[in-house]
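K.L.:
There's a structure below that I have some questions on.
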Amino acid sequence: MNTPANPSATASTGEVTQLEHLLELPTRRKVQDVRIAAILPAYNEEESITATLESLLNQTRVPDAVFVLVNNSTDETYFVAREFEGLHSRTYRDHRYSCQVTVIDLGEVPDKKVGALNYGFALAKDFDYILGVDGDTTLDRRCVQHLTEEMVSDSRIGGISAIYGFDQSHARTGMQRFLVRSQRFQFAGFNMDNLLRNRNMAVLGGQCSLLNVEAMKRTMAANRQDSPWVTDSEIEDSLLSLQLKSAGYRTKISSKARADVGPMLTMRALDAQQVKWNAGGVELILQKPFHANLRLRWRENLAMIMNLASRVLFIALAAASLSIGAFQFSWWWAIPPVVSILLTLRIAMSIKGYTARDVFYALLFVPGELYMLLRGIHFLKAWVQVLTRTERDNWAAQARAENGDGGGGGVVLGLLGTVLVAAALGWGWLNLLPAVQSTLLAVGWTALAVVTIVQTLTMIRKLFRRHRGFTV
């Protein structure tokens with residue numbers, strides 16, 4: 001029997017070889033090497049689908065395939081998109097990309113956007129990444145490149161979202177300009193909060209997000225699902241994001257990739273969208289109250305409660321004090337509005353390509369307050385809908401509102417109800433004893449002072465925090 005002359009040397013050599021193998025750095029995949037499929041669910045997008053597809057095909061890193069999934073549409077979306085069907089080629093920096101565009105009319109889909117997304121996943125499940133894009137989103141020409149670079153740089157990322165903005169040119173009337181700019185500020189504040197929280201994204205918005213297919217498959221297996229998107233939530237993107245996080249993957253917001261999303265141009269459309277978003281978020285935080293991805297949502301809900309409480313309390317207390325000649329103005333009350341203006345101004349200046357009109361919006365203060373009131377109404381409607389277990393198809397409501405269908409009866413009834421409640425409270429107030437009125441005013445103003453101080457300190461903290469070079 002032959003034995004090694006030096007067993008210890010052989011063992012040592014084996015250990016070294018094994019150590020070298022363990023220390024061998026994995027080769028990072030290149031942006032050009034991965035395969036990307038874009039899934040584009042389209043519902044009545046005949047006016048915007050052309051710009052969306054052109055922005056995808058003009059990317060510095062063009063997707064390898066684009067699946068346009070027309071669903072439940074009653075307009076010419078399918079025929080407009082079909083003009084792009086076929087093989088497209090583009091050369092960027094000596095690399096030639098080929099993209100196959102496939103347009104499918106799914107007809108009537110019971111699960112609407114979720115059904116279209118899952119159909120798209122079945123078509124794209126053999127790709128490395130899936131790029132989810134809405135039919136009214138236009139991507140910055142480097143958007144896909146930036147998303148892919150960040151994705152391939154860290155295998156722990158399950159999905160990454162672009163920074164969302166709004167193209168003000170969509171607005172034509174004064175009301176539309178107010179709504180679009182207000183949404184622009186809302187998203188800017190939300191994006192900056194996520195960027196400054198180590199770029200952790202609670203919700204990978206379907207407007208423009210890149211998803212790791214392998215992560216999606218593992219998430220499906222872990223949750224015993226046949227498809228990645230389910231109808232258990234009003235906002236299917238949030239649930240998928242939570243599941244990716246629970247499976248050990250990171251959900252991020254890009255620091256560079258940008259996309260302009262479709263704004264809500266009417267009050268009814270905005271109401272339907274925001275109620276749907278808020279209701280979906282409320283359902284999730286009640287189902288999974290301690291999930292790490294929902295901490296920001298808890299903070300958002302608590303902040304909205306305080307915002308509403310401070311404004312309603314001030315109006316009610318001021319009116320009550322004036323009714324009995326007990327109102328005394330203090331200059332201290334000017335501090336919160338001034339801090340709010342400064343904070344909104346800083347948000348305006350953090351927007352990439354901000355304009356003088358953005359600065360003017362911040363300095364005016366009143367437009368921001370009006371939009372805050374609208375958001376408060378949407379917030380309350382969502383909570384009432386969830387807590388009362390009201391069965392309502394918010395997807396259909398938003399679709400009808402965006403198409404101009406469905407009257408404004410709900411708004412009228414809401415205003416009428418507010419007037420009736422205010423009148424009843426006013427009558428009750430005037431019939432109280434003076435001593436009771438004085439006690440209620442003292443307690444009310446004290447509570448308002450506490451809430452306002454907390455809010456002001458929170459705004460000051462945000463005002464002076466470093467943005468670390470990020471723009472939104």
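Scheme for the structure tokens: letters A, B, ... for chains in order shown; per-chain residue numbers from 1; ligand numbers from 1 in order shown.
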I'd like the contact shell of Phe470 of chain A - 10 Å cut-off, only C-alpha atoms, skipping same-chain residues fewer than 2 positions apart - returned as JSON, numbers by chain.

P.N.:
{"A": [191, 192, 195, 196, 255, 256, 350, 351, 352, 466, 467, 468, 472]}

K.L.:
Excluding Val339 of chain A and any residue of its chain fewer than 3 positions from it, enumerate the residues within 9 Å of it, using only C-alpha atoms, and give them as a VMD selection string.

P.N.:
chain A and resid 334 to 336 342 to 344 456 459 to 460 463

K.L.:
Take the residues just selected and output them with N, CA and C atoms as a PDB file, in the first residue's frame.

P.N.:
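Resulting contents of again25.pdb:
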```pdb
ATOM      1  N   ALA A 334     -47.473  81.585  14.942  1.00  0.00           N
ATOM      2  CA  ALA A 334     -46.909  81.797  13.602  1.00  0.00           C
ATOM      3  C   ALA A 334     -45.692  80.903  13.343  1.00  0.00           C
ATOM      4  N   ILE A 335     -45.132  80.333  14.418  1.00  0.00           N
ATOM      5  CA  ILE A 335     -43.922  79.522  14.254  1.00  0.00           C
ATOM      6  C   ILE A 335     -44.174  78.264  13.417  1.00  0.00           C
ATOM      7  N   PRO A 336     -45.215  77.454  13.724  1.00  0.00           N
ATOM      8  CA  PRO A 336     -45.434  76.239  12.913  1.00  0.00           C
ATOM      9  C   PRO A 336     -45.614  76.511  11.420  1.00  0.00           C
ATOM     10  N   LEU A 342     -40.678  76.666   5.360  1.00  0.00           N
ATOM     11  CA  LEU A 342     -39.255  76.403   5.153  1.00  0.00           C
ATOM     12  C   LEU A 342     -39.006  74.945   4.765  1.00  0.00           C
ATOM     13  N   LEU A 343     -39.750  74.013   5.397  1.00  0.00           N
ATOM     14  CA  LEU A 343     -39.592  72.608   5.078  1.00  0.00           C
ATOM     15  C   LEU A 343     -40.067  72.316   3.652  1.00  0.00           C
ATOM     16  N   THR A 344     -41.211  72.887   3.276  1.00  0.00           N
ATOM     17  CA  THR A 344     -41.728  72.691   1.917  1.00  0.00           C
ATOM     18  C   THR A 344     -40.781  73.303   0.893  1.00  0.00           C
ATOM     19  N   THR A 456     -44.078  70.510  15.244  1.00  0.00           N
ATOM     20  CA  THR A 456     -43.062  71.501  14.888  1.00  0.00           C
ATOM     21  C   THR A 456     -41.657  70.940  15.077  1.00  0.00           C
ATOM     22  N   MET A 459     -40.917  68.644  12.232  1.00  0.00           N
ATOM     23  CA  MET A 459     -40.594  69.393  11.014  1.00  0.00           C
ATOM     24  C   MET A 459     -39.199  69.992  11.082  1.00  0.00           C
ATOM     25  N   ILE A 460     -38.817  70.486  12.249  1.00  0.00           N
ATOM     26  CA  ILE A 460     -37.481  71.070  12.405  1.00  0.00           C
ATOM     27  C   ILE A 460     -36.409  70.012  12.190  1.00  0.00           C
ATOM     28  N   LEU A 463     -36.182  69.458   8.612  1.00  0.00           N
ATOM     29  CA  LEU A 463     -35.643  70.644   7.955  1.00  0.00           C
ATOM     30  C   LEU A 463     -34.119  70.656   7.978  1.00  0.00           C
TER      31      LEU A 463
END
```

K.L.:
If we count only C-alpha atoms, what is near Ile39 of chain A at a cut-off of 12 Å, once residues fewer than 6 positions away on the same chain are taken out, given as a ChimeraX atom specification?

P.N.:
/A:52-53,56,63-70,101-104,113-114,116-125,127,129-135,206-211

K.L.:
Which parts of segment 196-249 of chain A does DSSP call strand (DSSP E or B) when run on the backbone here, written out as number ranges by chain?

P.N.:
A: 200, 208-212

K.L.:
Can I get the selected residues back with N, CA and C atoms, as a PDB file, in the first residue's frame?

P.N.:
```
ATOM      1  N   ASN A 200     -34.115  52.065   1.790  1.00  0.00           N
ATOM      2  CA  ASN A 200     -35.058  50.962   1.946  1.00  0.00           C
ATOM      3  C   ASN A 200     -36.439  51.421   1.499  1.00  0.00           C
ATOM      4  N   CYS A 208     -42.703  51.675 -12.035  1.00  0.00           N
ATOM      5  CA  CYS A 208     -41.420  51.351 -12.662  1.00  0.00           C
ATOM      6  C   CYS A 208     -40.494  50.724 -11.617  1.00  0.00           C
ATOM      7  N   SER A 209     -40.491  49.411 -11.556  1.00  0.00           N
ATOM      8  CA  SER A 209     -39.638  48.690 -10.606  1.00  0.00           C
ATOM      9  C   SER A 209     -39.039  47.463 -11.280  1.00  0.00           C
ATOM     10  N   LEU A 210     -37.791  47.166 -10.933  1.00  0.00           N
ATOM     11  CA  LEU A 210     -37.102  45.990 -11.453  1.00  0.00           C
ATOM     12  C   LEU A 210     -37.112  44.913 -10.375  1.00  0.00           C
ATOM     13  N   LEU A 211     -37.568  43.709 -10.741  1.00  0.00           N
ATOM     14  CA  LEU A 211     -37.735  42.618  -9.790  1.00  0.00           C
ATOM     15  C   LEU A 211     -36.859  41.435 -10.164  1.00  0.00           C
ATOM     16  N   ASN A 212     -36.294  40.810  -9.151  1.00  0.00           N
ATOM     17  CA  ASN A 212     -35.466  39.619  -9.324  1.00  0.00           C
ATOM     18  C   ASN A 212     -36.379  38.404  -9.477  1.00  0.00           C
TER      19      ASN A 212
END
```

K.L.:
Which residue out of A:Ser340, A:Thr355, A:Asn431, A:Ser153 has the minimum interatomic distance to Lys462 of chain A when only C-alpha atoms are used?

P.N.:
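Smallest distance to Lys462 of chain A is found for A:Ser340.
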
K.L.:
Within 8 Å of segment 164-178 of chain A, counting only C-alpha atoms, which residues qualify if same-chain residues fewer than 2 places away don't, as a ChimeraX atom specification?

P.N.:
/A:162,180-184,187-188,191,258-263,265-266,367,472

K.L.:
Please determine, counting only C-alpha atoms, which residue among A:Ile305, A:Leu363, A:Val80, A:Ala292 has the shortest atom-to-atom distance to Ile341 of chain A.

P.N.:
A:Leu363

K.L.:
Give me the residues within 8 Å of Ser161 of chain A as a list in words, counting only C-alpha atoms and dropping any in the same chain fewer than 6 places off.

P.N.:
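The neighbour list is Leu147, Met201, Leu204, Gly205, Cys208, Ser209, Leu210, Lys252, Ile253 and Ser254 of chain A.
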
K.L.:
With N, CA and C atoms retained, write the just-selected residues as a compact mmCIF listing (two decimals), in the first residue's frame.

P.N.:
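Output file selection17.txt follows:
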```txt
# COMPACT_ATOMS: atom_id res chain seq x y z
N LEU A 147 -31.14 50.94 -12.82
CA LEU A 147 -31.81 49.91 -12.02
C LEU A 147 -31.04 48.59 -12.10
N MET A 201 -37.06 50.66 0.61
CA MET A 201 -38.34 51.02 0.02
C MET A 201 -39.42 50.10 0.56
N LEU A 204 -42.50 48.64 -3.57
CA LEU A 204 -41.92 48.69 -4.91
C LEU A 204 -43.06 49.00 -5.88
N GLY A 205 -43.28 50.27 -6.12
CA GLY A 205 -44.41 50.70 -6.94
C GLY A 205 -44.38 50.10 -8.33
N CYS A 208 -42.70 51.67 -12.03
CA CYS A 208 -41.42 51.35 -12.66
C CYS A 208 -40.49 50.72 -11.62
N SER A 209 -40.49 49.41 -11.56
CA SER A 209 -39.64 48.69 -10.61
C SER A 209 -39.04 47.46 -11.28
N LEU A 210 -37.79 47.17 -10.93
CA LEU A 210 -37.10 45.99 -11.45
C LEU A 210 -37.11 44.91 -10.37
N LYS A 252 -35.43 48.12 -2.41
CA LYS A 252 -34.71 49.39 -2.41
C LYS A 252 -35.34 50.41 -3.36
N ILE A 253 -34.97 51.66 -3.15
CA ILE A 253 -35.25 52.72 -4.11
C ILE A 253 -33.93 53.14 -4.73
N SER A 254 -33.92 53.30 -6.03
CA SER A 254 -32.69 53.67 -6.72
C SER A 254 -32.28 55.10 -6.35
```

K.L.:
Mind checking which residues fall within 12 Å of Ala422 of chain A, counting only C-alpha atoms, ignoring those fewer than 3 positions away in the same chain, and posting them as a VMD selection string?

P.N.:
chain A and resid 312 315 to 316 319 to 320 415 to 419 425 to 429

K.L.:
Excluding Lys112 of chain A and its own-chain neighbours fewer than 4 positions away, which residues fall within 8 Å of it when counting only C-alpha atoms? Please give them as a PyMOL selection string.

P.N.:
chain A and resi 71-72+108+116

K.L.:
Hey, what does DSSP flag as alpha helix (DSSP H) within segment 166-314 of chain A? Can you give it to me as a PyMOL selection string?

P.N.:
chain A and resi 174-195+213-222+236-246+267-287+295-314

K.L.:
Identify which of the residues A:Lys245, A:Arg357, A:His291, A:Lys276 lies closest to Phe379 of chain A, counting only C-alpha atoms when measuring atom-to-atom distances.

P.N.:
A:Lys276
